[in-house]
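Everything below concerns the one structure shown next.
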Amino acid sequence: MNVDSASSPRLIAIQDEIRTDFGWGLDADLNSARELREACEDKSWTHELWSSKGRKDVLWRLQEKLISQPITVLGAAAEVDDVEAAIRDGHGIIAADGAVGVLTEISNSVLAWDSLLCVVSDGDGGASHLAMAAERGIPFVLHAHGDNIDNWTELLEVLHSYGTPLILTHQTPENILGMHNPGGFTDGDRAVCFALTMNVMTSQLTLRGFRTDIIGRWTGVTIPERKLRKLEWMRRILEIAGVRM
């Protein structure tokens, strides 16, 4: 089983366009990514999941689950009906950051949590709900970008305390050992890009809770005007990826 960690060049290149649009520098993204990797290599990160073999095992086990079934990706506007529909249709679930919180509202919460395959997060999606997923051993795809060092630092402590399976992502053109750049930008479209790099077919993917006209209730703290601009970039990325909202 091969994990294809290389994403579509277009889904990588668009990250430069986004940095230019928002006036962000590449150095901040690089610094955050390197610091996250170093934090995981620190002697305090003692569990075996961060060994080279451990990282590969996490990827392979997750890939096996992802490619074997239809997948629903939950975005920040996800509601109970979206989760219930995914469960009814026999889908595995990828939650984009704070969207994992909607699982706490499902009447059959055990079935909902059992359907959750991974959480794609930059750490700002609500600490209590993210911790609930970490405690259950749900793999986290933890992302580093220029202004989230405090967020990933806090979340990393939680993941470490539970021995949570961990995959690291970044948004730079550099090759960083132990990390992946799946492409994309927001947690939602990055979750889609990550699934595609894990050899999930576009035909397997259903997006629920993805909106560009409103800010979903599971969104972290944000500036509304800027968030809506980010959502437009999300829409463009999904179009490039060939996945319909």
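Each chain in the structure tokens gets a letter, A, B and so on, in the order shown; residues start at 1 in every chain, and ligands are counted from 1 in the order they appear.
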Contacts of Asn31 of chain A at 9 Å or less, counting only C-alpha atoms, minus same-chain residues fewer than 4 places along, as a ChimeraX atom specification? /A:26-27,35-36,144-146
Identify, with DSSP run on backbone atoms, the residues in segment 18-236 of chain A assigned to alpha helix (DSSP H), and express the list as JSON, numbers by chain. {"A": [18, 19, 20, 21, 22, 26, 27, 28, 29, 30, 31, 32, 33, 34, 35, 36, 37, 38, 39, 40, 41, 52, 53, 54, 55, 56, 57, 58, 59, 60, 61, 62, 63, 64, 65, 66, 80, 81, 82, 83, 84, 85, 86, 87, 88, 109, 110, 111, 112, 113, 114, 115, 127, 128, 129, 130, 131, 132, 133, 134, 135, 149, 150, 151, 152, 153, 154, 155, 156, 157, 158, 159, 160, 161, 162, 187, 188, 189, 190, 191, 192, 193, 194, 195, 196, 197, 224, 225, 226, 227, 228, 229, 230, 231, 232, 233, 234, 235, 236]}
Nearest to Asn151 of chain A among A:Leu196, A:Val110, A:Ile214, A:Val221, with distances taken over only C-alpha atoms: which residue is it?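 The closest residue to Asn151 of chain A is A:Val221.
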Near-Pro182 of chain A list (12 Å; only C-alpha atoms; drop same-chain fewer than 2 positions) as an MDAnalysis selection string: chainID A and resid 3:15 120 141:143 167:173 175 179:180 184:187 189:199 237 241
Store the residues picked out above in a file with N, CA and C atoms, as a short mmCIF file (atom, residue, chain, number, x, y, z; two decimals), in the first residue's frame.
```cif
data_model
loop_
_atom_site.label_atom_id
_atom_site.label_comp_id
_atom_site.auth_asym_id
_atom_site.auth_seq_id
_atom_site.Cartn_x
_atom_site.Cartn_y
_atom_site.Cartn_z
N VAL A 3 1.39 5.34 0.19
CA VAL A 3 0.81 6.63 0.54
C VAL A 3 1.45 7.68 -0.34
N ASP A 4 0.66 8.34 -1.17
CA ASP A 4 1.16 9.35 -2.08
C ASP A 4 1.15 10.70 -1.38
N SER A 5 2.31 11.10 -0.83
CA SER A 5 2.36 12.34 -0.07
C SER A 5 2.51 13.57 -0.95
N ALA A 6 2.61 13.37 -2.26
CA ALA A 6 2.74 14.50 -3.16
C ALA A 6 1.37 14.90 -3.69
N SER A 7 1.04 16.16 -3.53
CA SER A 7 -0.26 16.63 -3.98
C SER A 7 -0.15 17.18 -5.40
N SER A 8 -1.29 17.56 -5.97
CA SER A 8 -1.32 18.21 -7.26
C SER A 8 -0.50 19.49 -7.21
N PRO A 9 0.39 19.72 -8.17
CA PRO A 9 1.19 20.95 -8.16
C PRO A 9 0.34 22.21 -8.10
N ARG A 10 -0.83 22.18 -8.72
CA ARG A 10 -1.69 23.37 -8.71
C ARG A 10 -2.22 23.65 -7.31
N LEU A 11 -2.49 22.59 -6.54
CA LEU A 11 -3.00 22.78 -5.18
C LEU A 11 -1.92 23.25 -4.23
N ILE A 12 -0.66 23.06 -4.61
CA ILE A 12 0.46 23.61 -3.85
C ILE A 12 0.72 25.06 -4.28
N ALA A 13 0.74 25.28 -5.59
CA ALA A 13 1.06 26.61 -6.11
C ALA A 13 0.07 27.68 -5.66
N ILE A 14 -1.20 27.30 -5.49
CA ILE A 14 -2.20 28.28 -5.11
C ILE A 14 -1.92 28.85 -3.72
N GLN A 15 -1.15 28.14 -2.92
CA GLN A 15 -0.81 28.66 -1.60
C GLN A 15 0.02 29.95 -1.71
N VAL A 120 -8.84 16.99 10.77
CA VAL A 120 -7.85 17.86 10.11
C VAL A 120 -7.95 19.22 10.78
N VAL A 141 -4.63 15.24 11.91
CA VAL A 141 -3.77 15.80 10.87
C VAL A 141 -3.56 17.25 11.27
N LEU A 142 -2.45 17.51 11.95
CA LEU A 142 -2.21 18.80 12.59
C LEU A 142 -1.40 19.70 11.67
N HIS A 143 -1.91 20.91 11.46
CA HIS A 143 -1.36 21.81 10.45
C HIS A 143 -0.66 23.01 11.07
N ILE A 167 -0.35 13.12 12.37
CA ILE A 167 0.23 13.39 11.06
C ILE A 167 0.40 14.90 10.97
N LEU A 168 1.55 15.36 10.51
CA LEU A 168 1.83 16.79 10.45
C LEU A 168 1.76 17.31 9.02
N THR A 169 1.15 18.50 8.85
CA THR A 169 1.09 19.12 7.54
C THR A 169 1.56 20.56 7.62
N HIS A 170 1.97 21.08 6.47
CA HIS A 170 2.42 22.48 6.37
C HIS A 170 1.95 23.04 5.04
N GLN A 171 2.22 24.33 4.80
CA GLN A 171 1.77 24.96 3.56
C GLN A 171 2.91 25.74 2.92
N THR A 172 4.06 25.07 2.78
CA THR A 172 5.22 25.70 2.15
C THR A 172 5.69 24.84 0.98
N PRO A 173 6.47 25.42 0.06
CA PRO A 173 6.98 24.64 -1.07
C PRO A 173 8.17 23.77 -0.70
N ASN A 175 10.40 20.73 1.16
CA ASN A 175 10.24 19.38 1.66
C ASN A 175 10.72 19.35 3.10
N MET A 179 6.81 15.74 7.61
CA MET A 179 5.61 16.54 7.39
C MET A 179 5.17 16.39 5.94
N HIS A 180 3.92 16.78 5.68
CA HIS A 180 3.36 16.69 4.34
C HIS A 180 2.68 18.00 3.98
N GLY A 184 -4.00 23.02 -0.57
CA GLY A 184 -5.16 23.64 0.05
C GLY A 184 -4.79 24.73 1.04
N PHE A 185 -5.82 25.22 1.75
CA PHE A 185 -5.64 26.41 2.56
C PHE A 185 -6.45 26.37 3.85
N THR A 186 -7.77 26.33 3.76
CA THR A 186 -8.59 26.27 4.97
C THR A 186 -8.66 24.81 5.45
N ASP A 187 -9.09 24.61 6.71
CA ASP A 187 -9.19 23.24 7.21
C ASP A 187 -10.08 22.39 6.32
N ASP A 189 -10.97 22.62 2.91
CA ASP A 189 -10.42 22.18 1.62
C ASP A 189 -9.13 21.40 1.81
N ARG A 190 -8.38 21.70 2.89
CA ARG A 190 -7.18 20.91 3.16
C ARG A 190 -7.54 19.47 3.53
N ALA A 191 -8.67 19.29 4.21
CA ALA A 191 -9.13 17.93 4.52
C ALA A 191 -9.41 17.15 3.23
N VAL A 192 -9.99 17.83 2.26
CA VAL A 192 -10.24 17.20 0.96
C VAL A 192 -8.92 16.87 0.27
N CYS A 193 -8.01 17.84 0.25
CA CYS A 193 -6.71 17.61 -0.39
C CYS A 193 -5.96 16.47 0.29
N PHE A 194 -6.04 16.42 1.61
CA PHE A 194 -5.37 15.33 2.34
C PHE A 194 -5.95 13.98 1.93
N ALA A 195 -7.26 13.89 1.85
CA ALA A 195 -7.89 12.63 1.44
C ALA A 195 -7.42 12.22 0.05
N LEU A 196 -7.30 13.17 -0.85
CA LEU A 196 -6.86 12.85 -2.20
C LEU A 196 -5.42 12.35 -2.22
N THR A 197 -4.56 12.92 -1.38
CA THR A 197 -3.17 12.44 -1.33
C THR A 197 -3.09 11.04 -0.71
N MET A 198 -4.13 10.65 -0.01
CA MET A 198 -4.19 9.31 0.56
C MET A 198 -4.83 8.32 -0.42
N ASN A 199 -4.96 8.74 -1.67
CA ASN A 199 -5.47 7.91 -2.77
C ASN A 199 -6.98 7.68 -2.69
N ILE A 237 -10.15 26.23 -4.57
CA ILE A 237 -9.33 25.03 -4.35
C ILE A 237 -10.14 23.77 -4.61
N ALA A 241 -9.49 20.82 -7.32
CA ALA A 241 -9.41 19.42 -6.89
C ALA A 241 -10.45 18.55 -7.57
#
```
DSSP on the backbone, strand (DSSP E) only: what residues of segment 71-159 of chain A does that give? Format it as a VMD selection string. chain A and resid 71 to 74 92 to 96 116 to 121 140 to 143
With only C-alpha atoms as the atoms that count, which of A:Leu130, A:Leu117, A:Asp213, A:Lys230 lies nearest to Glu64 of chain A?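 Ranking A:Leu130, A:Leu117, A:Asp213, A:Lys230 by distance to Glu64 of chain A, first place goes to A:Leu117.
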Which polymer residues have any atom within 9 Å of an atom of Val200 of chain A, counting only C-alpha atoms, with same-chain residues fewer than 6 positions away left out, as a PyMOL selection string? chain A and resi 63+66-68+70-71+194
Pick from A:Gly90, A:Asp124, A:Leu177, A:Tyr162 nearest to Asn148 of chain A, counting only C-alpha atoms: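 Selected residue with least distance to Asn148 of chain A: A:Asp124.
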Figure out the distance between atom CA of Glu17 of chain A and atom CA of Asp150 of chain A, please, to one decimal in Å. 24.9 Å
Residue neighbourhood Phe210 of chain A, 8 Å, only C-alpha atoms, exclusion window fewer than 6 positions, as number ranges by chain: A: 74-78, 188, 245
Polymer residues at most 10 Å from Leu111 of chain A, only C-alpha atoms, same-chain spacing of 6 or more positions, as a PyMOL selection string: chain A and resi 84+87+103
Please produce a file of the residues just selected, as a compact mmCIF listing (two decimals), in the first residue's frame, where the atoms kept are N, CA and C atoms.
```txt
# COMPACT_ATOMS: atom_id res chain seq x y z
N GLU A 84 -26.00 12.67 10.48
CA GLU A 84 -26.96 11.57 10.40
C GLU A 84 -27.05 11.01 8.98
N ILE A 87 -23.92 8.87 8.36
CA ILE A 87 -24.03 7.57 9.03
C ILE A 87 -25.02 6.67 8.29
N LEU A 103 -20.57 16.32 16.32
CA LEU A 103 -20.78 14.94 16.74
C LEU A 103 -21.32 14.85 18.15
```
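Of the listed residues A:Gln69, A:Ser51, A:Thr20, A:Thr153, the one whose atoms come nearest to Gln204 of chain A is A:Gln69, with distances taken using only C-alpha atoms.
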Restricting the calculation to only C-alpha atoms: of A:Leu159, A:Val243, A:Leu30, A:Val83, which residue gets closest to Glu105 of chain A?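 Distance minimum relative to Glu105 of chain A lands on A:Val83.
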Determine the nearest neighbour of Val73 of chain A from the options A:Ser115, A:Gly209, A:Ser52, A:Cys40, counting only C-alpha atoms.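 For Val73 of chain A, the nearest of the given residues is A:Gly209.
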So what do you get for atom CA of Ser32 of chain A versus atom CA of Asp122 of chain A, distance-wise? 11.2 Å
Report, in Å with one decimal, the straight-line distance from atom CA of Gly98 of chain A to atom CA of Gly220 of chain A. 7.0 Å
